[in-house]
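This is structure_6.tsv (TSV, C-alpha atoms).
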```
chain	number	residue	atom	x	y	z
A	25	GLU	CA	21.53	-1.11	30.09
A	26	LEU	CA	21.71	2.24	31.88
A	27	LEU	CA	18.34	1.98	33.61
A	28	GLY	CA	18.48	-1.73	34.42
A	29	GLU	CA	15.17	-3.51	34.95
A	30	ALA	CA	13.21	-0.26	34.69
A	31	GLY	CA	14.80	0.39	31.28
A	32	SER	CA	13.74	-3.04	30.05
A	33	ILE	CA	10.15	-2.36	31.11
A	34	LEU	CA	10.18	1.03	29.39
A	35	ILE	CA	11.57	-0.41	26.14
A	36	LEU	CA	9.01	-3.24	26.21
A	37	THR	CA	6.20	-0.73	26.77
A	38	MET	CA	7.44	1.47	23.93
A	39	LEU	CA	7.69	-1.48	21.54
A	40	PHE	CA	4.21	-2.66	22.50
A	41	MET	CA	2.74	0.80	21.86
A	42	ALA	CA	4.53	1.12	18.51
A	43	ILE	CA	3.37	-2.30	17.29
A	44	VAL	CA	-0.23	-1.82	18.45
A	45	SER	CA	-0.51	1.65	16.88
A	46	THR	CA	0.98	0.39	13.61
A	47	GLY	CA	-1.35	-2.59	13.52
A	48	SER	CA	-4.33	-0.36	14.28
A	49	ALA	CA	-3.48	2.04	11.45
A	50	GLU	CA	-2.98	-0.87	9.05
A	51	SER	CA	-6.32	-2.41	10.00
A	52	ILE	CA	-8.17	0.88	9.54
A	53	ALA	CA	-6.49	1.42	6.17
A	54	VAL	CA	-7.45	-2.02	4.87
A	55	SER	CA	-11.02	-1.77	6.17
A	56	SER	CA	-11.44	1.66	4.54
A	57	LEU	CA	-10.17	0.38	1.20
A	58	VAL	CA	-12.53	-2.59	1.24
A	59	ALA	CA	-15.55	-0.63	2.48
A	60	TYR	CA	-15.21	2.48	0.33
A	61	ASP	CA	-13.36	1.23	-2.77
A	62	ILE	CA	-14.82	-2.27	-3.17
A	63	TYR	CA	-18.03	-2.76	-1.18
A	64	ARG	CA	-19.67	0.60	-1.87
A	65	PRO	CA	-18.81	1.09	-5.58
A	66	TYR	CA	-19.22	-2.51	-6.76
A	67	ILE	CA	-21.36	-4.45	-4.27
A	68	ASN	CA	-23.80	-2.02	-2.66
A	69	PRO	CA	-23.70	1.49	-4.18
A	70	GLU	CA	-26.62	2.57	-1.99
A	71	ALA	CA	-24.92	1.55	1.25
A	72	ASP	CA	-25.54	3.86	4.19
A	73	GLY	CA	-23.21	4.70	7.03
A	74	ASN	CA	-24.27	1.80	9.26
A	75	GLN	CA	-23.73	-0.78	6.50
A	76	ILE	CA	-20.28	0.59	5.67
A	77	LEU	CA	-19.37	0.60	9.37
A	78	PHE	CA	-20.49	-3.03	9.68
A	79	VAL	CA	-18.38	-4.08	6.69
A	80	SER	CA	-15.38	-2.18	8.10
A	81	ARG	CA	-15.67	-4.03	11.41
A	82	ILE	CA	-15.89	-7.40	9.68
A	83	VAL	CA	-12.81	-6.60	7.60
A	84	ILE	CA	-10.84	-5.48	10.67
A	85	VAL	CA	-11.54	-8.77	12.46
A	86	GLY	CA	-10.80	-10.86	9.36
A	87	PHE	CA	-7.64	-8.94	8.55
A	88	GLY	CA	-6.43	-9.25	12.14
A	89	LEU	CA	-6.93	-13.01	12.15
A	90	PHE	CA	-5.22	-13.34	8.76
A	91	MET	CA	-2.19	-11.30	9.84
A	92	GLY	CA	-1.90	-13.30	13.06
A	93	ALA	CA	-1.89	-16.59	11.15
A	94	PHE	CA	0.46	-15.17	8.53
A	95	SER	CA	2.96	-14.03	11.17
A	96	ILE	CA	2.99	-17.53	12.67
A	97	ILE	CA	3.71	-19.00	9.23
A	98	LEU	CA	6.58	-16.54	8.71
A	99	ASP	CA	8.03	-17.48	12.10
A	100	ILE	CA	7.83	-21.19	11.26
A	101	LEU	CA	9.66	-20.50	7.98
A	102	GLY	CA	12.38	-18.63	9.86
A	103	LEU	CA	11.77	-15.28	8.19
A	104	ASN	CA	12.50	-12.41	10.56
A	105	LEU	CA	10.98	-8.93	10.47
A	106	GLY	CA	13.99	-7.40	8.74
A	107	TRP	CA	13.82	-9.93	5.88
A	108	VAL	CA	10.09	-9.37	5.41
A	109	TYR	CA	10.48	-5.59	5.59
A	110	LEU	CA	13.12	-5.51	2.85
A	111	PHE	CA	11.20	-8.04	0.74
A	112	MET	CA	8.19	-5.71	0.79
A	113	GLY	CA	10.18	-3.28	-1.35
A	114	VAL	CA	10.73	-5.98	-3.98
A	115	VAL	CA	7.04	-6.86	-4.07
A	116	ILE	CA	5.31	-3.47	-3.83
A	117	GLY	CA	8.07	-1.05	-4.87
A	118	SER	CA	7.01	-1.24	-8.51
A	119	ALA	CA	3.70	0.47	-7.66
A	120	VAL	CA	5.28	3.58	-6.12
A	121	ILE	CA	6.16	5.67	-9.18
A	122	PRO	CA	3.08	4.71	-11.27
A	123	LEU	CA	0.78	5.68	-8.39
A	124	TRP	CA	2.67	8.92	-7.83
A	125	ASN	CA	2.40	9.74	-11.53
A	126	LEU	CA	-1.35	9.08	-11.52
A	127	MET	CA	-1.83	11.54	-8.67
A	128	THR	CA	0.41	14.32	-9.97
A	129	TRP	CA	0.88	13.99	-13.75
A	130	LYS	CA	-1.99	14.71	-16.13
A	131	LYS	CA	-0.43	12.67	-18.94
A	132	ALA	CA	-0.17	9.51	-16.83
A	133	SER	CA	-1.86	6.49	-18.37
A	134	GLY	CA	-3.99	4.25	-16.15
A	135	THR	CA	-3.34	1.23	-18.34
A	136	GLY	CA	0.35	2.07	-18.36
A	137	ALA	CA	0.36	2.20	-14.56
A	138	VAL	CA	-1.03	-1.34	-14.31
A	139	ILE	CA	1.46	-2.64	-16.88
A	140	ALA	CA	4.33	-0.83	-15.17
A	141	ALA	CA	3.44	-2.14	-11.71
A	142	TRP	CA	3.18	-5.77	-12.80
A	143	GLY	CA	6.09	-5.53	-15.22
A	144	GLY	CA	8.27	-3.96	-12.54
A	145	LEU	CA	7.32	-6.73	-10.11
A	146	VAL	CA	8.35	-9.45	-12.56
A	147	LEU	CA	11.65	-7.72	-13.36
A	148	ALA	CA	12.32	-7.12	-9.66
A	149	LEU	CA	11.79	-10.79	-8.76
A	150	ILE	CA	14.04	-11.91	-11.61
A	151	GLY	CA	16.73	-9.39	-10.68
A	152	TRP	CA	16.48	-10.33	-7.01
A	153	LEU	CA	17.00	-14.04	-7.72
A	154	VAL	CA	19.80	-13.39	-10.23
A	155	ALA	CA	21.57	-11.09	-7.76
A	156	ALA	CA	21.51	-13.85	-5.12
A	157	VAL	CA	23.13	-16.30	-7.54
A	158	ILE	CA	25.77	-13.78	-8.67
A	159	LYS	CA	26.74	-12.58	-5.20
A	160	GLU	CA	26.22	-15.66	-3.03
A	161	GLY	CA	26.33	-18.50	-5.56
A	162	SER	CA	22.92	-20.01	-4.83
A	163	ILE	CA	19.33	-19.16	-3.98
A	164	THR	CA	18.50	-19.67	-0.31
A	165	ILE	CA	16.46	-17.69	2.21
A	166	ASP	CA	19.64	-16.39	3.83
A	167	ASN	CA	21.24	-15.46	0.51
A	168	LEU	CA	18.09	-13.69	-0.66
A	169	GLY	CA	18.15	-11.62	2.53
A	170	VAL	CA	21.65	-10.20	2.00
A	171	ASN	CA	21.54	-6.40	1.89
A	172	GLU	CA	23.07	-6.05	-1.57
A	173	VAL	CA	20.69	-8.66	-3.01
A	174	MET	CA	17.65	-7.01	-1.47
A	175	LEU	CA	18.87	-3.62	-2.67
A	176	SER	CA	19.07	-4.95	-6.23
A	177	GLY	CA	15.48	-6.15	-6.15
A	178	ASN	CA	14.21	-2.93	-4.59
A	179	LEU	CA	15.98	-0.67	-7.08
A	180	ILE	CA	14.86	-2.71	-10.07
A	181	ALA	CA	11.25	-2.61	-8.82
A	182	ILE	CA	11.17	1.17	-8.42
A	183	LEU	CA	13.25	2.26	-11.41
A	184	SER	CA	11.95	-0.21	-14.00
A	185	SER	CA	8.30	0.54	-13.23
A	186	GLY	CA	8.96	4.28	-13.47
A	187	LEU	CA	10.63	3.88	-16.84
A	188	ILE	CA	7.88	1.60	-18.19
A	189	HIS	CA	5.14	3.99	-17.10
A	190	TYR	CA	6.91	7.04	-18.51
A	191	VAL	CA	7.46	5.41	-21.91
A	192	TYR	CA	3.89	4.09	-22.06
A	193	SER	CA	2.35	7.41	-21.01
A	194	VAL	CA	4.42	9.55	-23.37
A	195	PHE	CA	4.68	7.42	-26.50
A	196	ILE	CA	1.81	4.89	-26.41
A	197	ASP	CA	-1.16	6.18	-24.43
A	198	PRO	CA	-0.74	9.85	-23.44
A	199	GLN	CA	-3.59	11.35	-21.44
A	200	ASP	CA	-4.75	14.87	-20.66
A	201	TYR	CA	-6.57	14.36	-17.38
A	202	ASP	CA	-8.39	17.23	-15.72
A	203	PHE	CA	-7.83	16.84	-11.97
A	204	SER	CA	-10.88	18.96	-11.24
A	205	GLU	CA	-12.94	15.92	-12.29
A	206	LEU	CA	-11.93	14.22	-9.04
A	207	ASP	CA	-14.23	16.45	-7.00
A	208	LYS	CA	-17.21	15.61	-9.20
A	209	ASN	CA	-16.79	11.87	-8.58
A	210	ILE	CA	-16.54	12.07	-4.79
A	211	THR	CA	-19.92	11.34	-3.22
A	212	LEU	CA	-20.92	11.47	0.43
A	213	VAL	CA	-22.05	8.32	2.20
A	214	GLU	CA	-25.09	10.14	3.51
A	215	ASN	CA	-26.48	13.57	2.84
A	216	ASP	CA	-24.46	15.17	5.62
A	217	THR	CA	-22.63	18.32	4.64
A	218	SER	CA	-21.80	19.52	8.14
A	219	GLY	CA	-18.33	20.99	8.20
A	220	LEU	CA	-18.20	21.21	4.41
A	221	GLU	CA	-20.23	24.37	3.95
A	222	PRO	CA	-19.56	27.80	5.50
A	223	GLU	CA	-21.75	28.57	8.46
A	224	LYS	CA	-24.34	31.27	7.98
A	225	GLN	CA	-23.94	34.13	10.39
A	226	ASP	CA	-26.91	35.95	11.80
A	227	PRO	CA	-27.16	39.59	10.69
```
Target encoding structure tokens, full file:
Amino acid sequence: ELLGEAGSILILTMLFMAIVSTGSAESIAVSSLVAYDIYRPYINPEADGNQILFVSRIVIVGFGLFMGAFSIILDILGLNLGWVYLFMGVVIGSAVIPLWNLMTWKKASGTGAVIAAWGGLVLALIGWLVAAVIKEGSITIDNLGVNEVMLSGNLIAILSSGLIHYVYSVFIDPQDYDFSELDKNITLVENDTSGLEPEKQDP
């Protein structure tokens, strides 16, 4: 408003840069997960750098096409970015505390983390739908997007999964994980240790 037409151009440029950078980071993250956590361990354990790079590129293209099609579907359904953003908390919020526990707590149970994540998701969806009925009287896309209803689903997802994982890890399947084992299971793609070993100085 203050800068007029120039301000509109600047805002549009800033939004474009933010969206492109976010999409790029998301694509790289997904391609890395597929290449290093699925393709290399389970499909081709002997994969070299070129093969992993090829798989990463394929995943980036496929993921980009999928997200483009998915965004069109969301637009047709009338779901805006705010609705989708808040709904993400209901769907993936239940994985937050179990994953955090696995990375920081030696007693954390892997089985308990899976149970907590899925159990929290189910409870969150139920609580989300029930909250819409209680507050708005019916279940519709608009009613499900109300802030208080979304907040209910998000809180149930995070808190219930944390409680489930804690109880399972302490009373059912307590572990005593040695985090030093992580280093032993990390293998290089190729025998390239440059930057990982101290340089030898000439006498």
(message) Please list, as an MDAnalysis selection string, the residues that have an atom at most 12 Å away from (17.4, -18.8, 3.9) in the coordinates of this file, counting only C-alpha atoms.
(response) chainID A and resid 101:104 107 156 160 162:170
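Computed from the coordinates, the atom CA of Pro65 of chain A to atom CA of Ser80 of chain A distance equals 14.5 Å.
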Could you give me, as a short mmCIF file (atom, residue, chain, number, x, y, z; two decimals) with C-alpha atoms, in the frame of the given file, the residues within 12 Å of Ser55 of chain A, counting all atoms listed in the file and dropping anything in the same chain fewer than 5 positions from it?
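Output contents, as saved in part-v7.cif:
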```cif
data_model
loop_
_atom_site.label_atom_id
_atom_site.label_comp_id
_atom_site.auth_asym_id
_atom_site.auth_seq_id
_atom_site.Cartn_x
_atom_site.Cartn_y
_atom_site.Cartn_z
CA SER A 48 -4.33 -0.36 14.28
CA ALA A 49 -3.48 2.04 11.45
CA GLU A 50 -2.98 -0.87 9.05
CA TYR A 60 -15.21 2.48 0.33
CA ASP A 61 -13.36 1.23 -2.77
CA ILE A 62 -14.82 -2.27 -3.17
CA TYR A 63 -18.03 -2.76 -1.18
CA ILE A 76 -20.28 0.59 5.67
CA LEU A 77 -19.37 0.60 9.37
CA PHE A 78 -20.49 -3.03 9.68
CA VAL A 79 -18.38 -4.08 6.69
CA SER A 80 -15.38 -2.18 8.10
CA ARG A 81 -15.67 -4.03 11.41
CA ILE A 82 -15.89 -7.40 9.68
CA VAL A 83 -12.81 -6.60 7.60
CA ILE A 84 -10.84 -5.48 10.67
CA VAL A 85 -11.54 -8.77 12.46
CA GLY A 86 -10.80 -10.86 9.36
CA PHE A 87 -7.64 -8.94 8.55
CA GLY A 88 -6.43 -9.25 12.14
#
```
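Using all atoms listed in the file, the protein and nucleic acid residues lying no more than 10 Å from Phe111 of chain A, apart from those fewer than 6 places from it along its own chain, are Leu105, Gly117, Leu149, Trp152, Leu168, Gly169, Met174, Leu175, Gly177 and Asn178 of chain A.
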(message) Between A:Gly151, A:Gly186, A:Gly31, A:Gly144, which residue has the minimum interatomic distance to Trp124 of chain A, considering only C-alpha atoms?
(response)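 Of the candidates, the smallest distance to Trp124 of chain A is held by A:Gly186.
With all atoms listed in the file taken into account, every residue lying no more than 12 Å from the file point (7.3, 10.0, -10.7) is included here: Ser118, Ala119, Val120, Ile121, Pro122, Leu123, Trp124, Asn125, Leu126, Met127, Thr128, Trp129, Lys130, Lys131, Ala132, Ala137, Ile182, Leu183, Ser184, Ser185, Gly186, Leu187, Ile188, His189, Tyr190 and Ser193 of chain A.
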